[in-house]
Structure formats: structure tokens, C-alpha cells
Amino acid sequence: MTISFASGKGGAGKTFLSAHSLDFFLKKGTKVALADLDVEEPNSKIFFDIEDLSKKEAFAYVPEFIKENCTECNRCLGLCKFNAFTKLPGSAIIFKQMCHDCGLCYYACKNGAIVRTKMRIGEVKSYNYNGAKIFEGLLDIGMEQGVVLIKQVKKEALAEELELLIQDSAPGTSCSFVETISESDITFMSIEDSPMGIHDGEIAIKVLEEMKKDFYIIINKDIESNYSQGFRKKFNEKIIATIPEKKEIASRYAEKKLSPEDADIKKAMNEIFSIVEKKRGEKK
Ligand code: SF4
Ligand code: SF4
């Protein structure tokens, strides 16, 4: 079973919650792993005393133009929907970072002038924390194939014999978020009690609803603000826990430490645990 933590915006607490969940499920004896899919800035591991396990290069496939083979037939003209391949008279411009490897340009060219080549995009790493694995993808600077890398991290993590995979999503509602939640059984949204937290969180929730995904909400850094009242009313049935803004939690966070003994975090973790266990029961 796979669960994800997402937030709509950065700094709203999704990594904080996914790290607490790894710790919580591990203590409950669940065969669990954490996949950090925030591949531009993976940082879930900072909360744990880890040992390195593995490091593999990750690759994407991109086109290369072989000028000598080109007959100027123009079958490839204007085909690329991602503006990664542009045919010009006598040449071609390729923005490899923008290629989604859809295959259309290779398919269109019957003369072997567009060939599929391998390009390094980053690394997939794994670590051990108390017998649980933490996986992460780290995208090379300047690369834009986050989704390709996320798929590779997921594949690596799902090859393990697990009862539960916890995924930490990238912030926002980009393709990376959609790829993360696409096969997730439940998504837990960490919604920060701030105007941006509510605004961006609602956009992410709309995506979840569009995709008909099961989701729940945890209000994080809760200050019971006026602007969050409408949101609370609207999603009342989906809100499973609130974690008030507390100096002690923030101080421990700044020291890269979790707060598993905090009463509100414990309550949130227990709620998450019972929802996951219920779903696991239904899936059996
Ligand atoms: S493989 Fe698809 S996305 Fe990549 S350059 Fe060709 S047409 Fe564009
Ligand atoms: S389809 Fe191939 S041969 Fe035709 S113009 Fe494009 S690259 Fe050249």
C-alpha cells in the first residue's frame, strides 16, 4: 500500500509529517519505507541517523539529430508538443531538458535522422534507518525531467517487500505532484494555516478531486486564523487532525529533530495509522 504527503506549497509540513509517519509506522512494526520524491530538493533524511546503502545514476532518453541522414522531408516539423525539438532548414534545435520522451519525433522520422540517446538526469539513492529504507531522487542542476526521476525512485522503492510505502511529494501541483499521487492509495494534505497555505492547498485538493483520489487533511502550524475558517467548514469531514504552531516543535525542527512525543503530533499519527490500517484491511 502507498500513501503520500503533499501540501500545495513548500514549507507547509509535508516532509515533517512523512518523516514522523516513517518513525511512527516503524515503531508499530510495519514493514515500511519512505520515498522522497521532492527530487529538486530531497531532505526527508535529515531527521534520521542514517547509513548510506546505494547510489545509482538515473537516465532519461532524449533525441539526437543526425544531419547526414536528414532528407529534409519535414515530417517532424512542428510535432513536438513540448517545444523540445524544432526542425530548421538544414539543422534542428533540441532542448534536451524539455523532452518528455513521448517518442513522436523518432516515430515520424523514417530516415534515422532522429535517434534516441541516453542522458544522465540525476541519482537515485537509498539509506538505512533502523531497518527501514529511505529512497530519494536527486535531479541534476538544470535538468527538468523530474517526473522521469520520480518514476525511477518509485520503481526502486516498490521493488522492496513492503507493507507500506510513504511518499513525500514535491510542493505545488505540477506534473511531479500528479506523478507522485497517481498510484497512491491515500494522500494526506498538510495545510498550513496561512493565506498561501490555504490557497495553494485548495488548488492541490482540486487536483486530487479531479483525479478521484482518496485524501485527508491535517492543518499544520494551526493558529486558528480567521481566513482559514471557511476552508475548515468546507472540508470539515476531511480534516483528521490539527497541529498547533508551537515554539518547541519549531525549535526541534530547526535542529533537524522530530517531535514524536508531542501530544498533537501523536494524535495526528494515530489518526493516520488508523486510516491506513482500515484501508489495508479493505484491500486484503
Ligand atoms: S521525444 Fe517527444 S518530447 Fe521528446 S523531443 Fe521528441 S517529440 Fe518532443
Ligand atoms: S523527419 Fe527526419 S528526415 Fe525528415 S526532416 Fe525530420 S529529421 Fe529530417
# chains A, B, ... in the order shown; residues from 1 in each chain; ligands from 1
>>> residues_near_ligand(ligand="ligand 1", cutoff="7 Å", atoms="only C-alpha atoms and all ligand atoms", output="mmCIF file with C-alpha atoms, in the first residue's frame")
data_model
loop_
_atom_site.group_PDB
_atom_site.id
_atom_site.type_symbol
_atom_site.label_atom_id
_atom_site.label_comp_id
_atom_site.auth_asym_id
_atom_site.auth_seq_id
_atom_site.Cartn_x
_atom_site.Cartn_y
_atom_site.Cartn_z
ATOM 1 C CA VAL A 62 16.367 12.291 -25.486
ATOM 2 C CA PRO A 63 16.646 12.802 -29.250
ATOM 3 C CA LEU A 79 5.351 17.811 -33.967
ATOM 4 C CA CYS A 80 6.878 18.253 -30.529
ATOM 5 C CA LYS A 81 4.230 19.469 -28.078
ATOM 6 C CA PHE A 82 6.893 20.349 -25.512
ATOM 7 C CA ASN A 83 8.965 22.572 -27.829
ATOM 8 C CA ALA A 84 11.944 20.309 -27.225
ATOM 9 C CA PHE A 85 12.572 19.563 -30.918
ATOM 10 C CA ILE A 94 16.939 20.247 -29.411
ATOM 11 C CA CYS A 99 11.973 16.399 -23.802
ATOM 12 C CA HIS A 100 9.283 14.132 -22.275
ATOM 13 C CA ASP A 101 10.396 11.105 -24.286
ATOM 14 C CA CYS A 102 6.976 10.805 -25.924
ATOM 15 C CA GLY A 103 8.629 9.166 -28.958
ATOM 16 C CA LEU A 104 6.769 11.169 -31.595
ATOM 17 C CA CYS A 105 9.807 12.649 -33.331
ATOM 18 C CA TYR A 106 11.595 9.271 -33.564
#
>>> closest_atom_pairs(of="range 16-113 of chain A", to="range 184-204 of chain A", cutoff="12 Å", atoms="only C-alpha atoms", output="CSV")
residue,atom,partner,partner_atom,distance
A:Phe16,CA,A:Ser190,CA,9.2
A:Leu17,CA,A:Ser190,CA,7.7
A:Ser18,CA,A:Phe188,CA,9.2
A:Ser21,CA,A:Phe188,CA,10.9
>>> write_last_selection(atoms="C-alpha atoms", output="compact mmCIF listing (two decimals), in the first residue's frame")
# COMPACT_ATOMS: atom_id res chain seq x y z
CA PHE A 16 7.70 16.90 8.59
CA LEU A 17 4.62 14.64 8.53
CA SER A 18 6.07 11.99 6.24
CA SER A 21 4.98 8.77 9.82
>>> select_by_dssp(residues="range 122-258 of chain A", states="strand (DSSP E)", output="PyMOL selection string")
chain A and resi 122-129+132-139+164-168+186-192+215-222+239-244
>>> closest_atom_pairs(of="chain A", to="ligand 2", cutoff="7 Å", atoms="only C-alpha atoms and all ligand atoms", output="CSV")
residue,atom,partner,partner_atom_place_in_ligand_line,distance
A:Phe65,CA,ligand 2,7 (S),6.8
A:Asn69,CA,ligand 2,3 (S),6.5
A:Cys70,CA,ligand 2,8 (Fe),3.8
A:Thr71,CA,ligand 2,3 (S),4.5
A:Glu72,CA,ligand 2,5 (S),3.9
A:Cys73,CA,ligand 2,4 (Fe),3.9
A:Asn74,CA,ligand 2,5 (S),3.8
A:Arg75,CA,ligand 2,1 (S),4.4
A:Cys76,CA,ligand 2,6 (Fe),4.3
A:Leu77,CA,ligand 2,6 (Fe),6.5
A:Lys87,CA,ligand 2,6 (Fe),6.5
A:Ala108,CA,ligand 2,1 (S),5.5
A:Cys109,CA,ligand 2,1 (S),3.7
A:Lys110,CA,ligand 2,2 (Fe),6.2
A:Asn111,CA,ligand 2,3 (S),5.2
A:Gly112,CA,ligand 2,2 (Fe),6.6
A:Ala113,CA,ligand 2,7 (S),4.8
A:Ile114,CA,ligand 2,7 (S),5.5
>>> atom_distance(atom1="CA of Ser126 in chain A", atom2="CA of Ala170 in chain A")
18.0 Å
>>> closest_atom_pairs(of="range 152-252 of chain A", to="range 26-36 of chain A", cutoff="12 Å", atoms="only C-alpha atoms", output="JSON lines")
{"residue": "A:Gln152", "atom": "CA", "partner": "A:Ala35", "partner_atom": "CA", "distance": 10.8}
{"residue": "A:Val153", "atom": "CA", "partner": "A:Ala35", "partner_atom": "CA", "distance": 7.1}
{"residue": "A:Lys154", "atom": "CA", "partner": "A:Ala35", "partner_atom": "CA", "distance": 7.1}
{"residue": "A:Lys155", "atom": "CA", "partner": "A:Ala35", "partner_atom": "CA", "distance": 10.2}
{"residue": "A:Glu156", "atom": "CA", "partner": "A:Ala35", "partner_atom": "CA", "distance": 9.3}
{"residue": "A:Ala157", "atom": "CA", "partner": "A:Ala35", "partner_atom": "CA", "distance": 6.8}
{"residue": "A:Leu158", "atom": "CA", "partner": "A:Ala33", "partner_atom": "CA", "distance": 9.2}
{"residue": "A:Ala159", "atom": "CA", "partner": "A:Ala33", "partner_atom": "CA", "distance": 11.1}
{"residue": "A:Glu160", "atom": "CA", "partner": "A:Ala33", "partner_atom": "CA", "distance": 8.6}
{"residue": "A:Glu161", "atom": "CA", "partner": "A:Lys31", "partner_atom": "CA", "distance": 7.8}
{"residue": "A:Leu162", "atom": "CA", "partner": "A:Lys31", "partner_atom": "CA", "distance": 5.2}
{"residue": "A:Glu163", "atom": "CA", "partner": "A:Lys31", "partner_atom": "CA", "distance": 5.1}
{"residue": "A:Leu164", "atom": "CA", "partner": "A:Val32", "partner_atom": "CA", "distance": 4.8}
{"residue": "A:Leu165", "atom": "CA", "partner": "A:Ala33", "partner_atom": "CA", "distance": 5.1}
{"residue": "A:Ile166", "atom": "CA", "partner": "A:Leu34", "partner_atom": "CA", "distance": 4.7}
{"residue": "A:Gln167", "atom": "CA", "partner": "A:Ala35", "partner_atom": "CA", "distance": 4.8}
{"residue": "A:Asp168", "atom": "CA", "partner": "A:Asp36", "partner_atom": "CA", "distance": 4.9}
{"residue": "A:Ser169", "atom": "CA", "partner": "A:Asp36", "partner_atom": "CA", "distance": 6.9}
{"residue": "A:Ala170", "atom": "CA", "partner": "A:Asp36", "partner_atom": "CA", "distance": 8.5}
{"residue": "A:Pro171", "atom": "CA", "partner": "A:Asp36", "partner_atom": "CA", "distance": 11.7}
{"residue": "A:Ser176", "atom": "CA", "partner": "A:Asp36", "partner_atom": "CA", "distance": 11.7}
{"residue": "A:Phe177", "atom": "CA", "partner": "A:Asp36", "partner_atom": "CA", "distance": 11.9}
{"residue": "A:Thr180", "atom": "CA", "partner": "A:Asp36", "partner_atom": "CA", "distance": 9.9}
>>> write_last_selection(atoms="N, CA, C and O atoms", output="tab-separated table (two decimals), in the first residue's frame")
chain	number	residue	atom	x	y	z
A	152	GLN	N	11.50	6.49	-11.47
A	152	GLN	CA	12.60	5.56	-11.17
A	152	GLN	C	12.73	5.33	-9.67
A	152	GLN	O	13.00	4.22	-9.22
A	153	VAL	N	12.53	6.38	-8.87
A	153	VAL	CA	12.61	6.22	-7.40
A	153	VAL	C	11.47	5.32	-6.93
A	153	VAL	O	11.65	4.41	-6.13
A	154	LYS	N	10.27	5.56	-7.48
A	154	LYS	CA	9.10	4.74	-7.09
A	154	LYS	C	9.35	3.27	-7.44
A	154	LYS	O	9.06	2.38	-6.65
A	155	LYS	N	9.88	3.04	-8.63
A	155	LYS	CA	10.14	1.67	-9.07
A	155	LYS	C	11.10	0.96	-8.13
A	155	LYS	O	10.88	-0.17	-7.72
A	156	GLU	N	12.15	1.68	-7.77
A	156	GLU	CA	13.17	1.12	-6.86
A	156	GLU	C	12.55	0.80	-5.49
A	156	GLU	O	12.77	-0.26	-4.93
A	157	ALA	N	11.74	1.73	-4.98
A	157	ALA	CA	11.13	1.53	-3.65
A	157	ALA	C	10.11	0.39	-3.68
A	157	ALA	O	10.06	-0.43	-2.77
A	158	LEU	N	9.33	0.33	-4.76
A	158	LEU	CA	8.26	-0.69	-4.83
A	158	LEU	C	8.80	-2.08	-5.11
A	158	LEU	O	8.08	-3.07	-4.99
A	159	ALA	N	10.09	-2.17	-5.45
A	159	ALA	CA	10.69	-3.50	-5.65
A	159	ALA	C	10.95	-4.17	-4.29
A	159	ALA	O	11.22	-5.36	-4.23
A	160	GLU	N	10.87	-3.40	-3.21
A	160	GLU	CA	11.08	-3.94	-1.87
A	160	GLU	C	9.83	-4.68	-1.40
A	160	GLU	O	8.73	-4.39	-1.85
A	161	GLU	N	10.03	-5.62	-0.48
A	161	GLU	CA	8.85	-6.30	0.12
A	161	GLU	C	8.34	-5.42	1.25
A	161	GLU	O	8.91	-5.40	2.34
A	162	LEU	N	7.29	-4.67	0.96
A	162	LEU	CA	6.83	-3.67	1.94
A	162	LEU	C	5.35	-3.86	2.27
A	162	LEU	O	4.58	-4.33	1.44
A	163	GLU	N	4.99	-3.45	3.47
A	163	GLU	CA	3.56	-3.33	3.77
A	163	GLU	C	3.08	-1.92	3.45
A	163	GLU	O	1.92	-1.71	3.12
A	164	LEU	N	4.01	-0.97	3.56
A	164	LEU	CA	3.63	0.42	3.34
A	164	LEU	C	4.78	1.23	2.76
A	164	LEU	O	5.89	1.19	3.28
A	165	LEU	N	4.47	1.96	1.68
A	165	LEU	CA	5.43	2.94	1.16
A	165	LEU	C	4.87	4.34	1.41
A	165	LEU	O	3.74	4.64	1.05
A	166	ILE	N	5.69	5.15	2.07
A	166	ILE	CA	5.30	6.55	2.34
A	166	ILE	C	6.02	7.43	1.33
A	166	ILE	O	7.25	7.36	1.20
A	167	GLN	N	5.27	8.25	0.60
A	167	GLN	CA	5.88	9.13	-0.41
A	167	GLN	C	5.79	10.60	0.03
A	167	GLN	O	4.72	11.05	0.43
A	168	ASP	N	6.90	11.28	-0.08
A	168	ASP	CA	6.92	12.71	0.20
A	168	ASP	C	6.92	13.43	-1.15
A	168	ASP	O	7.87	13.32	-1.92
A	169	SER	N	5.83	14.13	-1.44
A	169	SER	CA	5.67	14.75	-2.77
A	169	SER	C	6.43	16.07	-2.88
A	169	SER	O	6.75	16.71	-1.88
A	170	ALA	N	6.65	16.47	-4.13
A	170	ALA	CA	7.16	17.82	-4.37
A	170	ALA	C	6.06	18.82	-4.03
A	170	ALA	O	4.88	18.48	-4.11
A	171	PRO	N	6.41	20.06	-3.63
A	171	PRO	CA	5.34	21.04	-3.37
A	171	PRO	C	4.68	21.46	-4.69
A	171	PRO	O	5.21	21.20	-5.76
A	176	SER	N	5.09	16.73	-11.19
A	176	SER	CA	5.74	15.93	-10.15
A	176	SER	C	4.73	15.52	-9.07
A	176	SER	O	4.75	14.38	-8.60
A	177	PHE	N	3.87	16.43	-8.69
A	177	PHE	CA	2.82	16.13	-7.71
A	177	PHE	C	1.86	15.08	-8.28
A	177	PHE	O	1.53	14.09	-7.62
A	180	THR	N	3.41	11.70	-8.37
A	180	THR	CA	3.54	11.14	-7.01
A	180	THR	C	2.22	10.53	-6.55
A	180	THR	O	2.19	9.41	-6.03
>>> residues_around(residues="Ala19 in chain A", least_positions_apart="4", cutoff="10 Å", atoms="only C-alpha atoms", output="list in words")
Phe5, Gly13, Lys14, Thr15, Asp23, Phe24, Leu34, Asp36, Asn43, Ser44, Lys45, Ile46, Phe47, Phe48, Ile134, Ile166, Gln167, Asp168 and Leu258 of chain A
>>> write_last_selection(atoms="N, CA and C atoms", output="compact mmCIF listing (two decimals), in the first residue's frame")
# COMPACT_ATOMS: atom_id res chain seq x y z
N PHE A 5 2.30 12.25 1.15
CA PHE A 5 2.11 13.50 1.86
C PHE A 5 2.38 14.64 0.89
N GLY A 13 4.74 21.55 5.74
CA GLY A 13 4.88 20.44 6.69
C GLY A 13 4.73 19.05 6.13
N LYS A 14 4.76 18.88 4.81
CA LYS A 14 4.57 17.52 4.27
C LYS A 14 5.76 16.61 4.61
N THR A 15 6.98 17.15 4.53
CA THR A 15 8.17 16.36 4.86
C THR A 15 8.19 16.05 6.36
N ASP A 23 8.74 7.15 11.20
CA ASP A 23 9.13 6.83 12.57
C ASP A 23 7.99 6.10 13.29
N PHE A 24 6.78 6.60 13.14
CA PHE A 24 5.61 6.04 13.83
C PHE A 24 5.30 4.62 13.36
N LEU A 34 10.34 4.93 3.08
CA LEU A 34 9.98 6.30 2.72
C LEU A 34 10.65 6.65 1.39
N ASP A 36 11.45 9.84 -0.90
CA ASP A 36 11.43 11.29 -1.01
C ASP A 36 11.39 11.65 -2.50
N ASN A 43 14.92 16.20 1.25
CA ASN A 43 15.53 16.45 2.57
C ASN A 43 14.91 15.63 3.70
N SER A 44 14.12 14.60 3.36
CA SER A 44 13.49 13.79 4.41
C SER A 44 14.52 13.15 5.34
N LYS A 45 15.66 12.80 4.76
CA LYS A 45 16.65 12.04 5.54
C LYS A 45 17.30 12.85 6.67
N ILE A 46 17.19 14.16 6.62
CA ILE A 46 17.90 14.98 7.61
C ILE A 46 17.43 14.72 9.05
N PHE A 47 16.23 14.14 9.18
CA PHE A 47 15.70 13.90 10.53
C PHE A 47 16.20 12.58 11.13
N PHE A 48 16.91 11.79 10.33
CA PHE A 48 17.25 10.44 10.78
C PHE A 48 18.76 10.21 10.82
N ILE A 134 15.14 4.46 3.24
CA ILE A 134 14.72 5.78 2.76
C ILE A 134 15.30 5.92 1.36
N ILE A 166 5.69 5.15 2.07
CA ILE A 166 5.30 6.55 2.34
C ILE A 166 6.02 7.43 1.33
N GLN A 167 5.27 8.25 0.60
CA GLN A 167 5.88 9.13 -0.41
C GLN A 167 5.79 10.60 0.03
N ASP A 168 6.90 11.28 -0.08
CA ASP A 168 6.92 12.71 0.20
C ASP A 168 6.92 13.43 -1.15
N LEU A 258 12.76 15.36 15.12
CA LEU A 258 11.32 15.15 15.12
C LEU A 258 10.78 15.35 16.54
>>> closest_residue(among="A:Glu57, A:Glu51, A:Glu245, A:Asp262", to="Ile219 in chain A", atoms="only C-alpha atoms")
A:Glu245
>>> atom_distance(atom1="CA of Cys175 in chain A", atom2="CA of Met211 in chain A")
13.0 Å
>>> closest_residue(among="A:Met98, A:Ile243, A:Val276, A:Ala58", to="Lys151 in chain A", atoms="only C-alpha atoms")
A:Ala58
>>> decode(residues="range 28-176 of chain A", atoms="C-alpha atoms", output="mmCIF file, in the first residue's frame")
data_model
loop_
_atom_site.group_PDB
_atom_site.id
_atom_site.type_symbol
_atom_site.label_atom_id
_atom_site.label_comp_id
_atom_site.auth_asym_id
_atom_site.auth_seq_id
_atom_site.Cartn_x
_atom_site.Cartn_y
_atom_site.Cartn_z
ATOM 1 C CA LYS A 28 4.408 -0.073 15.225
ATOM 2 C CA GLY A 29 6.325 -2.872 13.489
ATOM 3 C CA THR A 30 5.114 -2.090 9.943
ATOM 4 C CA LYS A 31 7.425 -3.060 7.074
ATOM 5 C CA VAL A 32 7.711 0.486 5.826
ATOM 6 C CA ALA A 33 9.914 2.625 3.562
ATOM 7 C CA LEU A 34 9.981 6.305 2.719
ATOM 8 C CA ALA A 35 10.448 7.641 -0.807
ATOM 9 C CA ASP A 36 11.430 11.295 -1.012
ATOM 10 C CA LEU A 37 10.013 12.364 -4.383
ATOM 11 C CA ASP A 38 10.751 16.052 -3.945
ATOM 12 C CA VAL A 39 13.590 15.453 -6.401
ATOM 13 C CA GLU A 40 14.739 19.055 -6.721
ATOM 14 C CA GLU A 41 15.412 19.281 -3.005
ATOM 15 C CA PRO A 42 15.061 15.952 -1.170
ATOM 16 C CA ASN A 43 15.528 16.448 2.571
ATOM 17 C CA SER A 44 13.491 13.786 4.414
ATOM 18 C CA LYS A 45 16.651 12.039 5.538
ATOM 19 C CA ILE A 46 17.903 14.982 7.615
ATOM 20 C CA PHE A 47 15.703 13.898 10.527
ATOM 21 C CA PHE A 48 17.249 10.444 10.784
ATOM 22 C CA ASP A 49 20.519 8.899 11.812
ATOM 23 C CA ILE A 50 21.111 7.063 8.544
ATOM 24 C CA GLU A 51 23.701 4.923 6.831
ATOM 25 C CA ASP A 52 24.274 5.009 3.068
ATOM 26 C CA LEU A 53 23.054 1.950 1.168
ATOM 27 C CA SER A 54 23.182 2.608 -2.561
ATOM 28 C CA LYS A 55 23.630 5.249 -5.236
ATOM 29 C CA LYS A 56 22.675 4.771 -8.892
ATOM 30 C CA GLU A 57 22.774 7.123 -11.821
ATOM 31 C CA ALA A 58 19.387 7.899 -13.364
ATOM 32 C CA PHE A 59 18.908 8.472 -17.077
ATOM 33 C CA ALA A 60 16.303 9.844 -19.439
ATOM 34 C CA TYR A 61 16.069 9.291 -23.182
ATOM 35 C CA VAL A 62 16.367 12.291 -25.486
ATOM 36 C CA PRO A 63 16.646 12.802 -29.250
ATOM 37 C CA GLU A 64 19.812 13.426 -31.189
ATOM 38 C CA PHE A 65 19.779 14.831 -34.701
ATOM 39 C CA ILE A 66 21.938 13.092 -37.332
ATOM 40 C CA LYS A 67 22.270 15.727 -40.027
ATOM 41 C CA GLU A 68 23.754 13.364 -42.680
ATOM 42 C CA ASN A 69 20.632 11.162 -42.544
ATOM 43 C CA CYS A 70 18.144 14.009 -42.894
ATOM 44 C CA THR A 71 16.389 14.250 -46.259
ATOM 45 C CA GLU A 72 14.522 17.453 -45.308
ATOM 46 C CA CYS A 73 11.212 15.628 -45.724
ATOM 47 C CA ASN A 74 9.767 17.806 -42.944
ATOM 48 C CA ARG A 75 7.627 15.011 -41.456
ATOM 49 C CA CYS A 76 8.883 16.063 -37.998
ATOM 50 C CA LEU A 77 8.004 19.734 -38.459
ATOM 51 C CA GLY A 78 6.061 21.215 -35.520
ATOM 52 C CA LEU A 79 5.351 17.811 -33.967
ATOM 53 C CA CYS A 80 6.878 18.253 -30.529
ATOM 54 C CA LYS A 81 4.230 19.469 -28.078
ATOM 55 C CA PHE A 82 6.893 20.349 -25.512
ATOM 56 C CA ASN A 83 8.965 22.572 -27.829
ATOM 57 C CA ALA A 84 11.944 20.309 -27.225
ATOM 58 C CA PHE A 85 12.572 19.563 -30.918
ATOM 59 C CA THR A 86 12.441 22.216 -33.628
ATOM 60 C CA LYS A 87 13.361 21.408 -37.214
ATOM 61 C CA LEU A 88 15.054 24.201 -39.128
ATOM 62 C CA PRO A 89 16.231 24.098 -42.761
ATOM 63 C CA GLY A 90 19.458 22.069 -42.714
ATOM 64 C CA SER A 91 19.519 21.648 -38.941
ATOM 65 C CA ALA A 92 17.465 21.080 -35.787
ATOM 66 C CA ILE A 93 17.389 22.630 -32.331
ATOM 67 C CA ILE A 94 16.939 20.247 -29.411
ATOM 68 C CA PHE A 95 16.228 21.363 -25.839
ATOM 69 C CA LYS A 96 17.017 18.047 -24.157
ATOM 70 C CA GLN A 97 15.865 19.235 -20.722
ATOM 71 C CA MET A 98 12.359 19.775 -22.084
ATOM 72 C CA CYS A 99 11.973 16.399 -23.802
ATOM 73 C CA HIS A 100 9.283 14.132 -22.275
ATOM 74 C CA ASP A 101 10.396 11.105 -24.286
ATOM 75 C CA CYS A 102 6.976 10.805 -25.924
ATOM 76 C CA GLY A 103 8.629 9.166 -28.958
ATOM 77 C CA LEU A 104 6.769 11.169 -31.595
ATOM 78 C CA CYS A 105 9.807 12.649 -33.331
ATOM 79 C CA TYR A 106 11.595 9.271 -33.564
ATOM 80 C CA TYR A 107 8.410 7.729 -34.925
ATOM 81 C CA ALA A 108 7.962 10.485 -37.510
ATOM 82 C CA CYS A 109 11.479 10.231 -38.889
ATOM 83 C CA LYS A 110 11.778 7.243 -41.190
ATOM 84 C CA ASN A 111 15.344 8.088 -42.221
ATOM 85 C CA GLY A 112 17.266 7.599 -38.988
ATOM 86 C CA ALA A 113 17.953 11.308 -38.619
ATOM 87 C CA ILE A 114 16.404 11.469 -35.120
ATOM 88 C CA VAL A 115 17.778 8.842 -32.740
ATOM 89 C CA ARG A 116 17.021 8.112 -29.097
ATOM 90 C CA THR A 117 20.010 8.602 -26.798
ATOM 91 C CA LYS A 118 20.608 8.268 -23.058
ATOM 92 C CA MET A 119 21.194 11.361 -20.905
ATOM 93 C CA ARG A 120 22.046 11.458 -17.195
ATOM 94 C CA ILE A 121 19.433 13.378 -15.207
ATOM 95 C CA GLY A 122 20.393 12.648 -11.609
ATOM 96 C CA GLU A 123 20.725 9.943 -8.993
ATOM 97 C CA VAL A 124 18.594 7.520 -7.031
ATOM 98 C CA LYS A 125 19.975 6.954 -3.545
ATOM 99 C CA SER A 126 18.932 4.786 -0.640
ATOM 100 C CA TYR A 127 19.708 4.840 3.055
ATOM 101 C CA ASN A 128 19.031 2.632 6.042
ATOM 102 C CA TYR A 129 17.298 3.944 9.133
ATOM 103 C CA ASN A 130 16.725 1.334 11.849
ATOM 104 C CA GLY A 131 15.956 -1.348 9.277
ATOM 105 C CA ALA A 132 13.688 0.866 7.129
ATOM 106 C CA LYS A 133 14.852 2.150 3.781
ATOM 107 C CA ILE A 134 14.719 5.781 2.765
ATOM 108 C CA PHE A 135 14.846 6.348 -1.008
ATOM 109 C CA GLU A 136 15.417 9.665 -2.689
ATOM 110 C CA GLY A 137 15.853 11.066 -6.166
ATOM 111 C CA LEU A 138 18.198 13.976 -6.710
ATOM 112 C CA LEU A 139 17.813 15.806 -10.009
ATOM 113 C CA ASP A 140 20.992 17.247 -11.546
ATOM 114 C CA ILE A 141 21.053 21.048 -11.704
ATOM 115 C CA GLY A 142 19.407 22.345 -14.895
ATOM 116 C CA MET A 143 17.508 19.117 -15.591
ATOM 117 C CA GLU A 144 13.743 19.235 -15.932
ATOM 118 C CA GLN A 145 12.938 15.517 -16.110
ATOM 119 C CA GLY A 146 11.628 15.362 -12.540
ATOM 120 C CA VAL A 147 8.791 13.030 -13.496
ATOM 121 C CA VAL A 148 11.186 10.532 -15.118
ATOM 122 C CA LEU A 149 13.305 10.501 -11.970
ATOM 123 C CA ILE A 150 10.258 10.186 -9.679
ATOM 124 C CA LYS A 151 9.156 7.119 -11.660
ATOM 125 C CA GLN A 152 12.595 5.563 -11.172
ATOM 126 C CA VAL A 153 12.613 6.220 -7.400
ATOM 127 C CA LYS A 154 9.097 4.744 -7.092
ATOM 128 C CA LYS A 155 10.135 1.670 -9.075
ATOM 129 C CA GLU A 156 13.174 1.124 -6.861
ATOM 130 C CA ALA A 157 11.130 1.528 -3.650
ATOM 131 C CA LEU A 158 8.259 -0.686 -4.832
ATOM 132 C CA ALA A 159 10.691 -3.497 -5.646
ATOM 133 C CA GLU A 160 11.082 -3.944 -1.869
ATOM 134 C CA GLU A 161 8.852 -6.297 0.125
ATOM 135 C CA LEU A 162 6.826 -3.672 1.935
ATOM 136 C CA GLU A 163 3.557 -3.329 3.773
ATOM 137 C CA LEU A 164 3.626 0.422 3.338
ATOM 138 C CA LEU A 165 5.435 2.937 1.158
ATOM 139 C CA ILE A 166 5.297 6.547 2.339
ATOM 140 C CA GLN A 167 5.884 9.126 -0.409
ATOM 141 C CA ASP A 168 6.922 12.713 0.201
ATOM 142 C CA SER A 169 5.667 14.750 -2.767
ATOM 143 C CA ALA A 170 7.162 17.824 -4.368
ATOM 144 C CA PRO A 171 5.344 21.044 -3.371
ATOM 145 C CA GLY A 172 2.869 22.614 -5.782
ATOM 146 C CA THR A 173 0.552 20.997 -8.294
ATOM 147 C CA SER A 174 2.993 20.375 -11.123
ATOM 148 C CA CYS A 175 3.500 17.101 -13.028
ATOM 149 C CA SER A 176 5.740 15.930 -10.146
#
